[in-house]
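Student: Please find one structure pasted underneath; my questions will follow.
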Amino acid sequence: MMEYSKEQIMNEIQKAGFAAVDLQLYLDTHPTDKKALAQFNQYANQLKMLKETYSKMYGPIEQLAPTEKYPYAWILPPWPWMKISMIEEEEE
Amino acid sequence: MWTYEKRLEYPIKIKKSNPEMAKYIITQYGGPDGELGASLRYLTQRYSMPTPQAQGILNDIGTEELAHLEMVATMVHQLMKGASVEEIKKAGAGGYFADHDHAVFYIDASGNPWSANYIQAKGDPIADLTEDMAAEQKARATYENLIKLADDPDVIDPLRFLREREVVHFQRFGEALEIVQQNLTNKKYY
């Protein structure tokens, strides 16, 4: 995990997050599908771990998760909507 | 309640500004079949749903639509970012610039503001879920039109993701409708 760049970890978060979202909706209408439930848990656990790794290395991703970063880093870029050129300007 | 995750559901990295495309995509922000209407429709219909499956699916699709609303806004923002007033005028977005500069606002592709007239909460789960299924198909068709209007792969890629989600939501609403109908039929035998 440590050799992953910021962008690569975010990409992994988006992949696991998408799988979790899709399976979660499926479970709403198929609550007795054991296989789907196991798959959901697998991706949800993966997502949790990836988010913890990202937060430790690059800054908070969950609004209400504990954070050791000082000064409080939540407000720092990148915000999700920012254009790459804009983030680079602000980081300079 | 809701909390925020500082990420998009699907990556959007548009390098080239294009105010003309922004003018079209904004319809999925504040237009009749857009993500604002979708989210608000489902989240307000959940209160009158009769079964756990239907309550859950409206709550959770309504929540995912908020993430899609953010994706659409991000596309419009990145397409407008860096565009000069001259480019905006040429793209036919001068009227938009007059009212909103480079900001992102809830209008359709022709400039009409978002309206609660686009949505309904009938208090009748069959009527509401049938509306929701139609809404997903209309949103899918809109994304297909937008994909036809686009030529930048950075724009087409997230549009294709959003189109695909409409198909999945339609499927889930169909399943919820079937469960609700079954539930209503069973009740008559008591």
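Each chain of the structure tokens is named A, B, ... in the order shown, its residues numbered from 1; ligands are numbered from 1 in display order.
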Once DSSP has gone over the backbone, tell me which residues of region 6-89 of chain A are in helix (DSSP H, G or I), as a PyMOL selection string.
Tutor: chain A and resi 6-29+34-58+84-89
Student: Quick one: residues within 6 Å of region 56-63 of chain B, only C-alpha atoms, excluding same-chain residues fewer than 4 positions away - as a PyMOL selection string?
Tutor: (chain A and resi 28) or (chain B and resi 39+42-43+46+52)
Student: Produce a table with one row for each residue of chain A that has an atom at most 6 Å from any atom of chain B, each row naming the nearest atom pair and its distance in Å at one decimal; use only C-alpha atoms; arrange rows by chain and rising residue number; format as JSON lines.
Tutor:
{"residue": "A:Asp28", "atom": "CA", "partner": "B:Gln53", "partner_atom": "CA", "distance": 5.3}
{"residue": "A:Thr29", "atom": "CA", "partner": "B:Gln53", "partner_atom": "CA", "distance": 5.3}
{"residue": "A:Ile61", "atom": "CA", "partner": "B:Lys6", "partner_atom": "CA", "distance": 4.8}
{"residue": "A:Glu62", "atom": "CA", "partner": "B:Glu5", "partner_atom": "CA", "distance": 4.8}
{"residue": "A:Gln63", "atom": "CA", "partner": "B:Tyr4", "partner_atom": "CA", "distance": 5.5}
{"residue": "A:Pro80", "atom": "CA", "partner": "B:Arg7", "partner_atom": "CA", "distance": 5.0}
{"residue": "A:Trp81", "atom": "CA", "partner": "B:Thr74", "partner_atom": "CA", "distance": 4.7}
{"residue": "A:Lys83", "atom": "CA", "partner": "B:Gln78", "partner_atom": "CA", "distance": 5.7}
Student: Let me see the file: selected residues, all heavy atoms, as an mmCIF file, in the first residue's frame.
Tutor:
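File written: part05.cif
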data_model
loop_
_atom_site.group_PDB
_atom_site.id
_atom_site.type_symbol
_atom_site.label_atom_id
_atom_site.label_comp_id
_atom_site.auth_asym_id
_atom_site.auth_seq_id
_atom_site.Cartn_x
_atom_site.Cartn_y
_atom_site.Cartn_z
ATOM 1 N N ASP A 28 -30.796 -3.811 -0.773
ATOM 2 C CA ASP A 28 -32.075 -3.216 -0.369
ATOM 3 C C ASP A 28 -33.250 -4.046 -0.873
ATOM 4 O O ASP A 28 -34.239 -4.228 -0.161
ATOM 5 C CB ASP A 28 -32.206 -1.790 -0.921
ATOM 6 C CG ASP A 28 -31.448 -0.754 -0.082
ATOM 7 O OD1 ASP A 28 -31.016 -1.087 1.038
ATOM 8 O OD2 ASP A 28 -31.299 0.385 -0.556
ATOM 9 N N THR A 29 -33.145 -4.528 -2.114
ATOM 10 C CA THR A 29 -34.262 -5.297 -2.681
ATOM 11 C C THR A 29 -34.009 -6.812 -2.658
ATOM 12 O O THR A 29 -34.864 -7.581 -3.077
ATOM 13 C CB THR A 29 -34.572 -4.840 -4.132
ATOM 14 O OG1 THR A 29 -33.370 -4.849 -4.893
ATOM 15 C CG2 THR A 29 -35.157 -3.429 -4.159
ATOM 16 N N ILE A 61 -10.589 12.453 4.695
ATOM 17 C CA ILE A 61 -11.520 12.194 3.595
ATOM 18 C C ILE A 61 -12.943 12.103 4.142
ATOM 19 O O ILE A 61 -13.903 12.371 3.444
ATOM 20 C CB ILE A 61 -11.086 10.905 2.847
ATOM 21 C CG1 ILE A 61 -11.839 10.742 1.540
ATOM 22 C CG2 ILE A 61 -11.236 9.661 3.688
ATOM 23 C CD1 ILE A 61 -11.178 9.748 0.617
ATOM 24 N N GLU A 62 -13.071 11.737 5.444
ATOM 25 C CA GLU A 62 -14.383 11.664 6.092
ATOM 26 C C GLU A 62 -14.516 12.835 7.064
ATOM 27 O O GLU A 62 -13.674 13.021 7.934
ATOM 28 C CB GLU A 62 -14.536 10.337 6.854
ATOM 29 C CG GLU A 62 -14.857 9.189 5.933
ATOM 30 C CD GLU A 62 -15.120 7.890 6.682
ATOM 31 O OE1 GLU A 62 -14.841 7.819 7.899
ATOM 32 O OE2 GLU A 62 -15.600 6.948 6.035
ATOM 33 N N GLN A 63 -15.627 13.556 6.905
ATOM 34 C CA GLN A 63 -15.879 14.769 7.685
ATOM 35 C C GLN A 63 -15.784 14.531 9.197
ATOM 36 O O GLN A 63 -15.231 15.349 9.922
ATOM 37 C CB GLN A 63 -17.287 15.251 7.318
ATOM 38 C CG GLN A 63 -17.661 16.606 7.814
ATOM 39 C CD GLN A 63 -19.089 16.947 7.381
ATOM 40 O OE1 GLN A 63 -19.829 16.090 6.889
ATOM 41 N NE2 GLN A 63 -19.460 18.192 7.569
ATOM 42 N N PRO A 80 -13.152 17.937 -4.052
ATOM 43 C CA PRO A 80 -13.394 17.004 -5.167
ATOM 44 C C PRO A 80 -13.688 17.665 -6.514
ATOM 45 O O PRO A 80 -13.427 17.071 -7.551
ATOM 46 C CB PRO A 80 -14.617 16.201 -4.700
ATOM 47 C CG PRO A 80 -14.665 16.357 -3.230
ATOM 48 C CD PRO A 80 -14.053 17.682 -2.913
ATOM 49 N N TRP A 81 -14.258 18.867 -6.499
ATOM 50 C CA TRP A 81 -14.676 19.493 -7.762
ATOM 51 C C TRP A 81 -13.537 20.216 -8.466
ATOM 52 O O TRP A 81 -13.677 20.631 -9.607
ATOM 53 C CB TRP A 81 -15.812 20.490 -7.485
ATOM 54 C CG TRP A 81 -15.451 21.552 -6.499
ATOM 55 C CD1 TRP A 81 -14.778 22.720 -6.771
ATOM 56 C CD2 TRP A 81 -15.721 21.558 -5.093
ATOM 57 N NE1 TRP A 81 -14.622 23.450 -5.608
ATOM 58 C CE2 TRP A 81 -15.198 22.761 -4.563
ATOM 59 C CE3 TRP A 81 -16.371 20.672 -4.221
ATOM 60 C CZ2 TRP A 81 -15.289 23.092 -3.205
ATOM 61 C CZ3 TRP A 81 -16.453 21.015 -2.876
ATOM 62 C CH2 TRP A 81 -15.919 22.195 -2.384
ATOM 63 N N LYS A 83 -10.385 21.521 -10.513
ATOM 64 C CA LYS A 83 -9.688 21.167 -11.743
ATOM 65 C C LYS A 83 -8.209 21.007 -11.409
ATOM 66 O O LYS A 83 -7.680 21.770 -10.593
ATOM 67 C CB LYS A 83 -9.887 22.293 -12.759
ATOM 68 C CG LYS A 83 -9.818 21.873 -14.203
ATOM 69 C CD LYS A 83 -10.325 23.015 -15.084
ATOM 70 C CE LYS A 83 -10.134 22.681 -16.542
ATOM 71 N NZ LYS A 83 -10.824 23.647 -17.420
#
Student: Considering only C-alpha atoms, return as a PyMOL selection string whatever protein or nucleic-acid residues lie within 7 Å of Glu20 (chain B), sequence-local ones (same chain, fewer than 3 positions apart) excluded.
Tutor: chain B and resi 23-24+91-93
Student: Need the shell around Ala44 (chain A): protein/DNA/RNA residues with any atom at most 8 Å away, counting only C-alpha atoms. Skip same-chain ones fewer than 4 positions apart. Format as a ChimeraX atom specification?
Tutor: /A:16-17,20,40,48
Student: Store the residues picked out above, limited to C-alpha atoms, as a CSV table (one decimal), in the first residue's frame.
Tutor:
chain,number,residue,atom,x,y,z
A,16,ALA,CA,-14.1,-0.2,-3.8
A,17,GLY,CA,-16.6,2.6,-3.0
A,20,ALA,CA,-20.0,-1.1,-2.1
A,40,PHE,CA,-20.7,-6.1,0.2
A,48,LYS,CA,-12.6,1.4,5.2
Student: Skipping near chain neighbours, those fewer than 5 positions away, what residues fall within 10 Å of Tyr72 (chain A) using only C-alpha atoms, listed as JSON, numbers by chain?
Tutor: {"A": [59, 60, 67]}
Student: Those residues with N, CA, C and O atoms, as a JSON list (two decimals), in the first residue's frame please?
Tutor:
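Full text of again.json as output:
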[["chain", "number", "residue", "atom", "x", "y", "z"],
["A", 59, "GLY", "N", -4.39, 13.36, 4.21],
["A", 59, "GLY", "CA", -5.38, 14.28, 4.78],
["A", 59, "GLY", "C", -6.77, 13.67, 4.83],
["A", 59, "GLY", "O", -7.04, 12.67, 4.18],
["A", 60, "PRO", "N", -7.63, 14.29, 5.64],
["A", 60, "PRO", "CA", -8.94, 13.70, 5.93],
["A", 60, "PRO", "C", -9.83, 13.54, 4.69],
["A", 60, "PRO", "O", -9.79, 14.35, 3.78],
["A", 67, "THR", "N", -8.99, 12.95, 13.43],
["A", 67, "THR", "CA", -7.85, 13.36, 12.63],
["A", 67, "THR", "C", -6.73, 13.90, 13.52],
["A", 67, "THR", "O", -6.98, 14.64, 14.48]]
Student: Rounded to one decimal in Å, what is the spacing between CA of Val155 (chain B) and CA of Asn11 (chain A)?
Tutor: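 A separation of 17.6 Å between them.
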Student: May I have the residues within 7 Å of region 98-103 of chain B as an mmCIF file with C-alpha atoms, in the first residue's frame, using only C-alpha atoms and disregarding those fewer than 2 positions away in the same chain?
Tutor:
data_model
loop_
_atom_site.group_PDB
_atom_site.id
_atom_site.type_symbol
_atom_site.label_atom_id
_atom_site.label_comp_id
_atom_site.auth_asym_id
_atom_site.auth_seq_id
_atom_site.Cartn_x
_atom_site.Cartn_y
_atom_site.Cartn_z
ATOM 1 C CA MET B 80 -16.342 26.763 -17.324
ATOM 2 C CA LYS B 81 -13.071 27.154 -15.417
ATOM 3 C CA GLY B 94 -23.312 34.942 -22.702
ATOM 4 C CA GLY B 95 -26.750 35.000 -21.104
ATOM 5 C CA TYR B 96 -25.624 32.480 -18.505
ATOM 6 C CA PHE B 105 -26.653 27.258 -11.008
#
Student: Find the residues near Ile25 (chain B): any atom within 12 Å, counting only C-alpha atoms, skip ones fewer than 3 places away on the same chain, and give them as a PyMOL selection string.
Tutor: chain B and resi 18-22+28-31+33-35+69+71-80+104-111+139+142-150+155-156+158-159+162
Student: As an exercise, work out the distance from CA of Ile75 (chain A) to CA of His68 (chain B) in Å and give it to one decimal place.
Tutor: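 Spanning CA of Ile75 (chain A) to CA of His68 (chain B) is a straight-line distance of 22.1 Å.
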